[in-house]
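> This is start30.cif (mmCIF, C-alpha atoms).
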```
data_coords
#
loop_
_atom_site.label_atom_id
_atom_site.label_comp_id
_atom_site.auth_asym_id
_atom_site.auth_seq_id
_atom_site.Cartn_x
_atom_site.Cartn_y
_atom_site.Cartn_z
CA MET H 1310 -4.31 -17.69 8.12
CA SER H 1311 -5.77 -17.81 11.63
CA ALA H 1312 -7.02 -14.66 13.33
CA GLU H 1313 -4.59 -13.02 15.70
CA TYR H 1314 -7.23 -10.98 17.53
CA THR H 1315 -10.79 -11.64 18.57
CA CYS H 1316 -13.47 -9.05 19.12
CA LEU H 1317 -16.94 -9.24 20.62
CA VAL H 1318 -19.54 -6.75 19.37
CA VAL H 1319 -22.55 -6.38 21.66
CA GLU H 1320 -25.30 -4.35 19.97
CA ASP H 1321 -29.06 -4.88 19.86
CA SER H 1322 -29.62 -2.99 16.61
CA PRO H 1323 -28.92 -5.28 13.62
CA MET H 1324 -28.24 -2.17 11.52
CA MET H 1325 -25.57 -0.88 13.89
CA ARG H 1326 -24.14 -4.34 14.34
CA GLN H 1327 -23.77 -4.75 10.60
CA LEU H 1328 -22.04 -1.36 10.38
CA LEU H 1329 -19.68 -2.20 13.23
CA VAL H 1330 -18.85 -5.58 11.73
CA PHE H 1331 -18.13 -3.88 8.42
CA ALA H 1332 -15.87 -1.32 10.09
CA LEU H 1333 -14.02 -4.03 12.02
CA SER H 1334 -13.58 -6.11 8.88
CA ARG H 1335 -11.13 -3.40 7.80
CA VAL H 1336 -8.82 -4.37 10.68
CA LYS H 1337 -6.51 -7.15 9.54
CA ASN H 1338 -6.53 -10.43 11.43
CA LEU H 1339 -9.49 -9.49 13.60
CA LYS H 1340 -12.20 -12.09 14.07
CA VAL H 1341 -15.53 -10.61 15.12
CA THR H 1342 -18.26 -12.33 17.13
CA GLU H 1343 -21.69 -10.69 17.44
CA ALA H 1344 -24.04 -10.60 20.42
CA ASP H 1345 -27.62 -9.25 20.45
CA ASP H 1346 -27.58 -7.75 23.95
CA GLY H 1347 -25.77 -7.79 27.28
CA VAL H 1348 -26.97 -11.24 28.29
CA ASP H 1349 -26.01 -12.72 24.93
CA GLY H 1350 -22.70 -10.93 25.33
CA LEU H 1351 -22.07 -12.56 28.71
CA ARG H 1352 -22.95 -15.94 27.23
CA LYS H 1353 -20.40 -15.45 24.46
CA LEU H 1354 -17.80 -14.26 26.95
CA ALA H 1355 -18.19 -17.32 29.18
CA GLY H 1356 -15.23 -19.55 28.55
CA ASN H 1357 -14.08 -17.62 25.48
CA ARG H 1358 -11.22 -15.18 25.55
CA TYR H 1359 -11.66 -11.95 23.57
CA ASP H 1360 -8.99 -9.37 22.91
CA ILE H 1361 -11.44 -6.47 22.77
CA ILE H 1362 -15.13 -5.82 23.44
CA LEU H 1363 -17.32 -3.20 21.78
CA THR H 1364 -20.69 -2.65 23.42
CA ASP H 1365 -23.67 -0.40 22.99
CA ILE H 1366 -25.02 1.23 26.16
CA ASN H 1367 -28.75 1.36 25.50
CA MET H 1368 -29.85 -2.24 25.16
CA PRO H 1369 -32.80 -4.25 26.46
CA ILE H 1370 -32.45 -6.89 29.20
CA MET H 1371 -28.91 -5.91 30.17
CA ASP H 1372 -27.46 -2.57 29.12
CA GLY H 1373 -23.87 -1.90 28.20
CA LEU H 1374 -22.91 -0.33 31.53
CA LYS H 1375 -24.06 -3.41 33.46
CA LEU H 1376 -22.17 -5.56 31.01
CA VAL H 1377 -18.99 -3.54 31.56
CA LYS H 1378 -19.37 -3.98 35.31
CA ARG H 1379 -19.84 -7.73 34.96
CA VAL H 1380 -16.95 -8.10 32.54
CA ARG H 1381 -14.62 -6.36 34.97
CA THR H 1382 -15.42 -8.92 37.67
CA ASP H 1383 -14.61 -11.80 35.32
CA PRO H 1384 -10.96 -12.79 35.93
CA MET H 1385 -10.56 -13.82 32.29
CA HIS H 1386 -11.64 -10.43 30.96
CA LYS H 1387 -10.85 -8.03 33.77
CA ASP H 1388 -8.12 -6.44 31.63
CA THR H 1389 -9.79 -6.78 28.22
CA PRO H 1390 -10.17 -3.38 26.53
CA ILE H 1391 -13.81 -2.28 26.31
CA VAL H 1392 -15.13 0.37 23.93
CA VAL H 1393 -18.56 1.73 24.79
CA ILE H 1394 -20.77 2.95 21.94
CA THR H 1395 -23.78 5.06 22.64
CA THR H 1396 -26.02 7.82 21.36
CA GLU H 1397 -25.34 9.81 24.51
CA GLY H 1398 -22.73 12.47 24.07
CA SER H 1399 -22.49 14.08 27.49
CA ASP H 1400 -19.33 14.02 29.56
CA GLU H 1401 -21.30 12.57 32.46
CA ASP H 1402 -22.15 9.40 30.53
CA ARG H 1403 -18.60 9.18 29.30
CA GLN H 1404 -17.28 9.43 32.86
CA ARG H 1405 -19.80 6.84 34.06
CA ALA H 1406 -18.70 4.32 31.47
CA ILE H 1407 -15.02 4.99 32.13
CA ALA H 1408 -15.55 4.76 35.90
CA LEU H 1409 -17.11 1.34 35.47
CA GLY H 1410 -14.05 0.14 33.63
CA ALA H 1411 -14.54 1.01 29.96
CA ASN H 1412 -11.35 2.02 28.18
CA ALA H 1413 -12.83 4.21 25.47
CA TYR H 1414 -16.06 5.80 24.39
CA ILE H 1415 -17.48 6.33 20.90
CA THR H 1416 -20.65 8.26 20.22
CA LYS H 1417 -23.20 7.52 17.51
CA PRO H 1418 -23.55 8.04 14.66
CA ILE H 1419 -20.37 6.04 14.36
CA GLN H 1420 -17.71 6.74 11.77
CA ALA H 1421 -15.98 3.58 10.56
CA PRO H 1422 -12.49 5.18 10.49
CA GLN H 1423 -12.97 6.30 14.11
CA VAL H 1424 -13.95 2.78 15.22
CA ILE H 1425 -11.02 1.27 13.32
CA ALA H 1426 -8.57 3.76 14.82
CA LYS H 1427 -9.83 3.17 18.37
CA VAL H 1428 -9.68 -0.63 18.07
CA LYS H 1429 -6.20 -0.50 16.57
CA GLU H 1430 -5.06 1.84 19.30
CA LEU H 1431 -6.35 -0.41 22.08
CA LEU H 1432 -4.98 -3.57 20.46
CA LYS H 1433 -1.71 -1.74 19.73
CA ILE H 1434 -1.94 -2.59 16.05
CA THR H 1435 0.16 -0.39 13.80
CA GLY H 1436 -0.32 0.23 10.10
CA MET O 1354 135.47 31.59 3.55
CA GLU O 1355 137.82 33.02 5.83
CA LYS O 1356 138.01 36.20 3.78
CA ARG O 1357 134.35 36.55 3.82
CA GLY O 1358 134.33 35.70 7.44
CA LYS O 1359 137.09 38.17 7.98
CA GLY O 1360 135.39 40.86 5.89
CA ARG O 1361 132.06 40.64 7.56
CA ARG O 1362 132.15 41.02 11.14
CA SER O 1363 129.35 39.61 13.09
CA GLU O 1364 128.27 40.57 16.49
CA ARG O 1365 126.64 37.22 17.26
CA PRO O 1366 128.10 33.87 17.06
CA PRO O 1367 127.07 31.52 14.10
CA VAL O 1368 125.56 29.01 16.50
CA ASP O 1369 122.84 31.40 17.36
CA LEU O 1370 122.00 31.91 13.70
CA ALA O 1371 121.59 28.20 13.10
CA ALA O 1372 119.46 27.92 16.15
CA GLN O 1373 117.51 30.86 15.05
CA LEU O 1374 117.01 29.37 11.62
CA LYS O 1375 116.03 26.13 13.18
CA LEU O 1376 113.58 27.92 15.33
CA GLN O 1377 112.23 29.77 12.36
CA ARG O 1378 111.90 26.57 10.41
CA GLU O 1379 110.22 24.84 13.29
CA SER O 1380 107.94 27.81 13.75
CA PHE O 1381 107.15 27.76 10.05
CA VAL O 1382 106.46 24.03 10.04
CA SER O 1383 104.43 24.36 13.16
CA THR O 1384 102.45 27.23 11.70
CA PHE O 1385 102.13 25.34 8.42
CA PHE O 1386 100.72 22.26 10.10
CA LYS O 1387 98.65 24.34 12.38
CA LYS O 1388 97.17 26.23 9.43
CA GLY O 1389 96.74 22.95 7.59
CA ALA O 1390 94.90 21.49 10.54
CA GLU O 1391 92.76 24.56 10.79
CA PHE O 1392 92.07 24.43 7.08
CA THR O 1393 91.22 20.78 7.30
CA GLU O 1394 88.95 21.46 10.22
CA ALA O 1395 87.31 24.27 8.28
CA LEU O 1396 86.87 21.96 5.31
CA VAL O 1397 85.38 19.25 7.52
CA ALA O 1398 83.06 21.80 9.08
CA GLU O 1399 82.05 23.11 5.70
CA ASN O 1400 81.49 19.57 4.55
CA ASP O 1401 79.29 18.92 7.56
CA ARG O 1402 77.39 22.12 6.96
CA LEU O 1403 76.86 21.23 3.33
CA ARG O 1404 75.76 17.73 4.26
CA ALA O 1405 73.35 19.18 6.78
CA ALA O 1406 72.09 21.60 4.12
CA ILE O 1407 71.61 18.73 1.68
CA ALA O 1408 69.82 16.68 4.31
CA GLU O 1409 67.61 19.67 5.10
CA ALA O 1410 66.96 20.23 1.40
CA GLU O 1411 66.07 16.57 1.04
CA ARG O 1412 63.72 16.82 4.02
CA ASP O 1413 62.14 19.94 2.57
CA ASN O 1414 61.83 18.16 -0.73
CA ALA O 1415 60.21 15.16 0.90
CA ALA O 1416 57.89 17.44 2.85
CA LEU O 1417 56.97 19.28 -0.31
CA ARG O 1418 56.33 16.03 -2.08
CA THR O 1419 54.16 14.86 0.82
CA GLN O 1420 52.33 18.16 0.84
CA LEU O 1421 51.81 17.91 -2.88
CA ALA O 1422 50.46 14.40 -2.48
CA SER O 1423 48.37 15.55 0.44
CA ASP O 1424 46.99 18.47 -1.60
CA GLU O 1425 46.08 16.00 -4.33
CA ALA O 1426 44.41 13.76 -1.75
CA ILE O 1427 42.52 16.78 -0.40
CA ARG O 1428 41.44 17.67 -3.92
CA ASP O 1429 40.30 14.07 -4.37
CA LEU O 1430 38.45 14.21 -1.09
CA LEU O 1431 36.84 17.52 -2.03
CA ARG O 1432 35.75 16.00 -5.33
CA LYS O 1433 34.36 13.03 -3.43
CA ILE O 1434 32.58 15.35 -1.01
CA GLU O 1435 31.04 17.20 -3.93
CA ASP O 1436 29.97 13.90 -5.49
CA LEU O 1437 28.54 12.75 -2.18
CA GLU O 1438 26.77 16.08 -1.73
CA ARG O 1439 25.21 15.67 -5.17
CA GLU O 1440 24.26 12.10 -4.30
CA LYS O 1441 22.82 13.28 -0.98
CA GLN O 1442 20.76 15.96 -2.74
CA ALA O 1443 19.51 13.40 -5.25
CA LEU O 1444 18.62 11.01 -2.43
CA LEU O 1445 16.92 13.79 -0.47
CA SER O 1446 14.99 14.72 -3.56
CA HIS O 1447 13.97 11.06 -3.94
CA VAL O 1448 13.01 10.93 -0.27
CA HIS O 1449 10.89 14.09 -0.63
CA GLU O 1450 9.29 12.63 -3.73
CA ALA O 1451 8.67 9.35 -1.92
CA GLU O 1452 7.24 11.24 1.07
CA ALA O 1453 4.97 13.22 -1.23
CA HIS O 1454 3.86 9.98 -2.88
CA SER O 1455 3.37 8.37 0.51
CA THR O 1456 1.28 11.34 1.71
CA GLN O 1457 -0.70 11.15 -1.51
CA PHE O 1458 -1.25 7.42 -1.03
CA THR O 1459 -2.18 7.92 2.63
CA ASN O 1460 -4.66 10.64 1.71
CA ARG O 1461 -6.05 8.52 -1.10
CA HIS O 1462 -6.24 5.53 1.22
CA GLU O 1463 -8.12 7.60 3.80
CA GLN O 1464 -10.43 8.89 1.07
CA ILE O 1465 -11.11 5.37 -0.16
CA GLU O 1466 -11.68 4.12 3.39
CA GLU O 1467 -14.13 6.98 3.95
CA GLU O 1468 -15.92 6.28 0.68
CA LEU O 1469 -16.04 2.61 1.56
CA ALA O 1470 -17.51 3.45 4.96
CA ASN O 1471 -20.07 5.70 3.27
CA LEU O 1472 -20.98 2.95 0.84
CA ALA O 1473 -21.30 0.55 3.75
CA ASN O 1474 -23.68 3.00 5.44
CA LEU O 1475 -25.76 3.20 2.26
CA HIS O 1476 -25.69 -0.56 1.80
CA VAL O 1477 -26.72 -1.23 5.41
CA ALA O 1478 -29.50 1.39 5.26
CA SER O 1479 -30.87 0.06 1.98
CA PHE O 1480 -30.47 -3.58 3.09
CA HIS O 1481 -32.48 -3.03 6.27
CA LEU O 1482 -35.15 -0.90 4.61
CA HIS O 1483 -35.86 -3.67 2.13
CA SER O 1484 -35.25 -6.61 4.44
CA THR O 1485 -38.93 -6.82 5.32
CA LEU O 1486 -42.36 -6.02 3.89
CA ARG O 1487 -44.03 -5.80 7.28
CA LEU O 1488 -45.07 -2.19 7.69
CA PRO O 1489 -44.19 -1.87 11.42
CA ALA O 1490 -40.74 -3.31 10.74
CA VAL O 1491 -40.16 -0.93 7.82
CA VAL O 1492 -41.11 2.04 10.00
CA ARG O 1493 -38.91 0.76 12.83
CA HIS O 1494 -35.97 0.40 10.47
CA LEU O 1495 -36.56 3.87 9.09
CA ARG O 1496 -36.57 5.33 12.61
CA GLU O 1497 -33.46 3.40 13.52
CA LEU O 1498 -31.73 4.54 10.37
CA LEU O 1499 -32.46 8.18 11.15
CA GLN O 1500 -31.30 7.81 14.74
CA GLN O 1501 -28.30 5.55 14.34
CA LEU O 1502 -26.93 6.44 10.93
CA VAL O 1503 -27.89 10.09 10.56
CA GLY O 1504 -27.79 10.93 14.26
CA ALA O 1505 -31.23 12.58 14.27
CA ARG O 1506 -32.58 13.39 17.74
CA VAL O 1507 -35.86 15.10 16.84
CA PHE O 1508 -37.61 14.02 13.68
CA ALA O 1509 -40.95 13.01 12.17
CA ILE O 1510 -41.99 10.82 9.26
CA TYR O 1511 -45.06 12.07 7.41
CA VAL O 1512 -47.13 10.09 4.91
CA ALA O 1513 -49.61 11.72 2.57
CA ASP O 1514 -53.32 11.15 3.11
CA ASP O 1515 -54.57 11.66 -0.44
CA VAL O 1516 -58.21 11.71 0.70
CA ARG O 1517 -57.79 14.57 3.18
CA ASN O 1518 -54.91 16.19 1.36
CA GLU O 1519 -52.75 16.33 4.41
CA LEU O 1520 -49.49 14.93 5.64
CA VAL O 1521 -49.93 12.68 8.65
CA ALA O 1522 -47.11 11.87 11.05
CA ILE O 1523 -46.72 8.09 11.28
CA ALA O 1524 -43.58 8.05 13.43
CA ALA O 1525 -41.63 10.63 15.38
CA GLU O 1526 -39.03 11.19 18.05
CA GLY O 1527 -38.75 14.13 20.44
CA LEU O 1528 -41.96 15.89 19.31
CA THR O 1529 -45.26 16.40 21.13
CA ALA O 1530 -48.68 15.46 19.73
CA GLU O 1531 -49.36 19.18 19.26
CA GLN O 1532 -46.26 19.51 17.15
CA LEU O 1533 -47.32 16.52 15.09
CA LYS O 1534 -50.70 17.69 13.90
CA PRO O 1535 -51.52 16.92 10.25
CA ILE O 1536 -50.16 19.37 7.70
CA PRO O 1537 -52.52 20.27 4.86
CA PHE O 1538 -50.91 20.31 1.44
CA GLY O 1539 -51.78 21.84 -1.91
CA ALA O 1540 -53.61 24.83 -0.40
CA THR O 1541 -53.29 28.22 -2.12
CA ASP O 1542 -51.65 29.77 0.94
CA SER O 1543 -48.22 28.67 1.97
CA TYR O 1544 -46.78 28.97 5.48
CA ASP O 1545 -43.39 30.27 6.40
CA ASP O 1546 -42.87 28.08 9.46
CA ALA O 1547 -41.75 24.48 9.91
CA GLU O 1548 -45.01 23.10 8.56
CA GLY O 1549 -44.66 25.27 5.47
CA ALA O 1550 -41.17 23.91 4.81
CA ILE O 1551 -42.42 20.33 5.14
CA GLU O 1552 -45.41 21.00 2.88
CA ARG O 1553 -43.23 22.69 0.24
CA ALA O 1554 -40.80 19.78 0.17
CA PHE O 1555 -43.73 17.41 -0.36
CA VAL O 1556 -45.38 19.47 -3.09
CA THR O 1557 -42.24 20.38 -5.03
CA GLY O 1558 -40.32 17.17 -4.42
CA ILE O 1559 -37.25 19.26 -3.71
CA PRO O 1560 -35.37 18.42 -0.49
CA THR O 1561 -34.16 21.23 1.74
CA ILE O 1562 -31.08 20.44 3.82
CA GLU O 1563 -29.33 22.96 6.02
CA GLU O 1564 -25.62 23.04 5.34
CA GLY O 1565 -22.97 23.94 7.90
CA VAL O 1566 -23.36 24.05 11.66
CA LEU O 1567 -27.03 23.98 12.65
CA GLY O 1568 -28.13 27.16 14.40
CA PRO O 1569 -30.10 26.96 17.66
CA ASP O 1570 -32.86 29.40 16.61
CA ARG O 1571 -34.12 27.68 13.50
CA THR O 1572 -37.83 27.88 12.77
CA SER O 1573 -37.83 25.30 9.98
CA PRO O 1574 -36.47 21.72 10.12
CA ALA O 1575 -32.79 21.11 9.46
CA ALA O 1576 -33.80 18.77 6.65
CA CYS O 1577 -37.04 18.10 4.77
CA LEU O 1578 -36.72 15.04 2.58
CA PRO O 1579 -39.56 14.23 0.22
CA MET O 1580 -40.17 10.52 -0.32
CA ARG O 1581 -41.06 9.84 -3.92
CA ILE O 1582 -41.38 6.76 -6.06
CA ASP O 1583 -41.56 7.23 -9.80
CA ASP O 1584 -43.49 10.51 -9.89
CA ARG O 1585 -45.65 9.73 -6.94
CA ALA O 1586 -45.07 11.64 -3.70
CA ILE O 1587 -45.46 9.38 -0.68
CA GLY O 1588 -44.52 11.65 2.19
CA VAL O 1589 -41.79 13.65 3.87
CA ILE O 1590 -39.10 12.97 6.45
CA ALA O 1591 -38.48 16.05 8.59
CA ILE O 1592 -35.34 16.18 10.73
CA HIS O 1593 -35.56 18.96 13.30
CA GLU O 1594 -32.53 18.37 15.49
CA LEU O 1595 -29.43 16.25 15.54
CA LEU O 1596 -27.77 14.54 18.51
CA PRO O 1597 -25.78 17.02 20.65
CA GLN O 1598 -22.45 15.57 19.52
CA LYS O 1599 -23.34 16.07 15.86
CA ARG O 1600 -23.37 19.69 14.86
CA SER O 1601 -23.92 19.47 11.12
CA PHE O 1602 -24.77 17.06 8.34
CA VAL O 1603 -21.79 15.31 6.77
CA SER O 1604 -21.21 14.14 3.21
CA VAL O 1605 -22.59 10.64 3.79
CA ASP O 1606 -25.83 12.14 5.14
CA PHE O 1607 -26.49 13.80 1.79
CA GLU O 1608 -26.01 10.42 0.09
CA LEU O 1609 -28.27 8.78 2.64
CA PHE O 1610 -30.93 11.43 2.08
CA ARG O 1611 -30.80 10.86 -1.68
CA MET O 1612 -31.15 7.12 -1.11
CA LEU O 1613 -33.90 7.56 1.46
CA GLY O 1614 -35.95 9.77 -0.89
CA VAL O 1615 -36.50 6.76 -3.14
CA HIS O 1616 -35.88 3.66 -1.01
CA ALA O 1617 -37.94 4.73 2.00
CA ALA O 1618 -40.83 5.51 -0.32
CA ALA O 1619 -40.54 2.12 -2.05
CA ALA O 1620 -40.23 0.25 1.24
CA LEU O 1621 -43.17 2.07 2.84
CA LEU O 1622 -45.42 1.80 -0.22
CA GLY O 1623 -44.54 -1.87 -0.78
CA ALA O 1624 -45.28 -2.75 2.84
CA GLN O 1625 -48.44 -0.61 2.77
CA LEU O 1626 -49.74 -2.37 -0.35
CA LEU O 1627 -48.93 -5.81 1.02
CA MET O 1628 -50.70 -4.92 4.22
CA ALA O 1629 -53.71 -3.68 2.26
CA ALA O 1630 -53.76 -7.00 0.38
CA ASP O 1631 -53.72 -8.85 3.71
CA GLY O 1632 -50.18 -9.99 3.06
CA ARG O 1633 -51.11 -11.78 -0.13
CA ALA O 1634 -48.85 -11.16 -3.07
CA PRO O 1635 -50.65 -11.06 -6.44
CA GLY O 1636 -49.09 -14.35 -7.56
CA VAL O 1637 -47.15 -15.27 -10.62
CA GLU O 1638 -49.94 -14.11 -12.99
CA ALA O 1639 -48.94 -10.53 -12.19
CA PHE O 1640 -45.72 -11.10 -14.17
CA ARG O 1641 -47.60 -12.17 -17.27
CA GLY O 1642 -46.81 -10.09 -20.35
CA ILE O 1643 -43.81 -8.25 -18.85
CA THR O 1644 -41.51 -10.35 -21.04
CA PRO O 1645 -43.94 -11.70 -23.63
CA SER O 1646 -41.40 -13.97 -25.30
CA VAL O 1647 -40.81 -15.75 -22.00
CA PHE O 1648 -44.12 -15.32 -20.18
CA PRO O 1649 -46.92 -14.36 -22.63
CA LYS O 1650 -49.68 -11.97 -21.73
CA SER O 1651 -52.38 -14.59 -21.98
CA ALA O 1652 -52.08 -18.15 -20.83
CA PRO O 1653 -51.94 -20.71 -23.64
CA THR O 1654 -55.27 -22.46 -24.13
CA PRO O 1655 -55.18 -26.12 -23.20
#
```
Translate this file's structure into structure tokens.

Amino acid sequence: MSAEYTCLVVEDSPMMRQLLVFALSRVKNLKVTEADDGVDGLRKLAGNRYDIILTDINMPIMDGLKLVKRVRTDPMHKDTPIVVITTEGSDEDRQRAIALGANAYITKPIQAPQVIAKVKELLKITG
Amino acid sequence: MEKRGKGRRSERPPVDLAAQLKLQRESFVSTFFKKGAEFTEALVAENDRLRAAIAEAERDNAALRTQLASDEAIRDLLRKIEDLEREKQALLSHVHEAEAHSTQFTNRHEQIEEELANLANLHVASFHLHSTLRLPAVVRHLRELLQQLVGARVFAIYVADDVRNELVAIAAEGLTAEQLKPIPFGATDSYDDAEGAIERAFVTGIPTIEEGVLGPDRTSPAACLPMRIDDRAIGVIAIHELLPQKRSFVSVDFELFRMLGVHAAAALLGAQLLMAADGRAPGVEAFRGITPSVFPKSAPTP
């Protein structure tokens, strides 16, 4: 059966990426693509439509906030839901990410059920 | 006739008598017919009244019959209502049971999902710890694991220097050089501060982990995790503070700590030994004699 949804995970830490991919594997019909950092993320986004993007904030080369800003200027992904994942827990960082166009914010250490619930909510998947 | 007529003298003439008789007869007949008509009328009226009474009785009878049938129908309906009520109660009971089952299943599902997530955390941590034998990479993975999976903000990783009998910090986050000075171990005196807690965890091999919400005025680390392999103590991981959004250790952290106690030690020692051997593994001869029937202790003579 072909995937109904596609997701791009942008995370420089292989450990976190593996955890996120595991968590997302619990969402039915969701195909996950991985990117090592913001630049790799942009490369993967070019010409490919994704239904949702999960990105870390603290990354080398291009951080998650810059990526969010760039994604929002891309006509293909200007409305794609973006979940920002970071170690920062302050409201200020949360507001910054949201102001740039992120739809949701998850703080590390991540809990798989929380990631699953957020992705389902944004993709409007029930059950 | 004449005699009689002569003997009885009448004052009126005989014509008048006949007329009178005639009148009387006519009056009688008239009265008779009149009475007969009245009687007939009375009979007809009585007949009508009786007919009306019969009709009314028949109507009453029909009404009573209808009412009787209606009462029976009502009784039937009441019986049906009772049956339906019983059925409704049974269905409600089933629904409640099903809801209870569903809640049970949901809770169990959530539990399983949580356990699965915890296992994934353990798998990922263990996988990355043992994914390399390069010492810098092992240390980097260990740091990452503490930051990303545990949510540690301030921590230090100490390794034992068996020559100087002290624990030396090999990696840390959020601590100054002053705070990371070597910690002597095995001395007769024990300290009560943070260094004492770290030293005790190393010497005894017993981890100390603060349960519940971490207080702001702690003098000792929130967790001191001795790293041991077989019976050999390798070092200690000391977690002083967690990320602001994490206020206490959760169940998976305790599992991670148990895993780290052994796996971090094995990963660090393995990488350390390989580094000491200039990256050269001892070769296949090192396996000789482990399973003598397969790979004998001494090589067969040519």
> Set the cut-off to 12 Å and count all atoms listed in the file: what are the residues of chain H that reach chain O? Output as a PyMOL selection string.
chain H and resi 1320-1336+1365+1367+1394-1400+1415-1426+1436
> The PyMOL selection byres ((chain H and resi 1381) around 12) - which residues does that actually catch in the file I just gave you? List them as a ChimeraX atom specification.
/H:1351,1354,1362,1374-1380,1382-1391,1406-1412
> At what distance in Å, to one decimal, does atom CA of Leu1578 of chain O lie from atom CA of Phe1610 of chain O?
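Interatomic distance, atom CA of Phe1610 of chain O to atom CA of Leu1578 of chain O: 6.8 Å.
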> List the residues matched by the PyMOL selection byres ((chain H and resi 1341) around 6) in the displayed structure as a ChimeraX atom specification, ordered by chain and then by residue number.
/H:1315-1317,1340,1342
> Kindly indicate which residue among H:Ala1413, H:Leu1339, H:Ala1355, H:Ile1370 lies nearest to Glu1313 of chain H, using all atoms listed in the file for the distances.
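Closest to Glu1313 of chain H, using all atoms listed in the file: H:Leu1339.
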> Quick one: pull the distance between atom CA of Ile1523 of chain O and atom CA of Ile1510 of chain O, Å, one decimal.
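A separation of 5.8 Å between them.
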> Axis-aligned box over every listed atom of segment 1615-1634 of chain O, padded by 3 Å per side: centre and edges in Å to one decimal, as JSON?

```
{"center_x": -44.8, "center_y": -2.5, "center_z": 0.5, "size_x": 23.9, "size_y": 24.5, "size_z": 13.4}
```
> If you measure from atom CA of Glu1552 of chain O to atom CA of Leu1533 of chain O, what distance in Å do you get, rounded to one decimal?
13.1 Å
> Find the residues around Arg1581 of chain O up to 9 Å (all atoms listed in the file counted), leave out those fewer than 2 positions away in its own chain, and share them as a ChimeraX atom specification.
/O:1555,1558,1579,1583-1589,1614-1619
> Rank O:Glu1548, O:Pro1653, O:Phe1508, O:Val1556 by their smallest atom-to-atom distance to Ala1591 of chain O, using all atoms listed in the file, and report the top residue only.
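Looking at the shortest contact to Ala1591 of chain O, the residue is O:Phe1508.
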> Pull out every residue that the PyMOL selection byres ((chain H and resi 1347) around 6) matches in the shown coordinates and put them as a ChimeraX atom specification.
/H:1346,1348-1350,1371-1372,1376
> So that I have them on file, write out the residues from the current selection with C-alpha atoms, as a PDB file, keeping the file's coordinate frame.

```
ATOM      1  CA  ASP H1346     -27.580  -7.750  23.950  1.00  0.00           C
ATOM      2  CA  VAL H1348     -26.970 -11.240  28.290  1.00  0.00           C
ATOM      3  CA  ASP H1349     -26.010 -12.720  24.930  1.00  0.00           C
ATOM      4  CA  GLY H1350     -22.700 -10.930  25.330  1.00  0.00           C
ATOM      5  CA  MET H1371     -28.910  -5.910  30.170  1.00  0.00           C
ATOM      6  CA  ASP H1372     -27.460  -2.570  29.120  1.00  0.00           C
ATOM      7  CA  LEU H1376     -22.170  -5.560  31.010  1.00  0.00           C
TER       8      LEU H1376
END
```
> Which residues are near Leu1431 of chain H? Cut-off 8 Å, all atoms listed in the file, ignore same chain within fewer than 3 positions. Put them as a tab-separated table (two decimals) with C-alpha atoms, in the coordinates of the input.

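Saved result, selection_32.tsv, follows:
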```
chain	number	residue	atom	x	y	z
H	1361	ILE	CA	-11.44	-6.47	22.77
H	1390	PRO	CA	-10.17	-3.38	26.53
H	1427	LYS	CA	-9.83	3.17	18.37
H	1428	VAL	CA	-9.68	-0.63	18.07
H	1434	ILE	CA	-1.94	-2.59	16.05
```
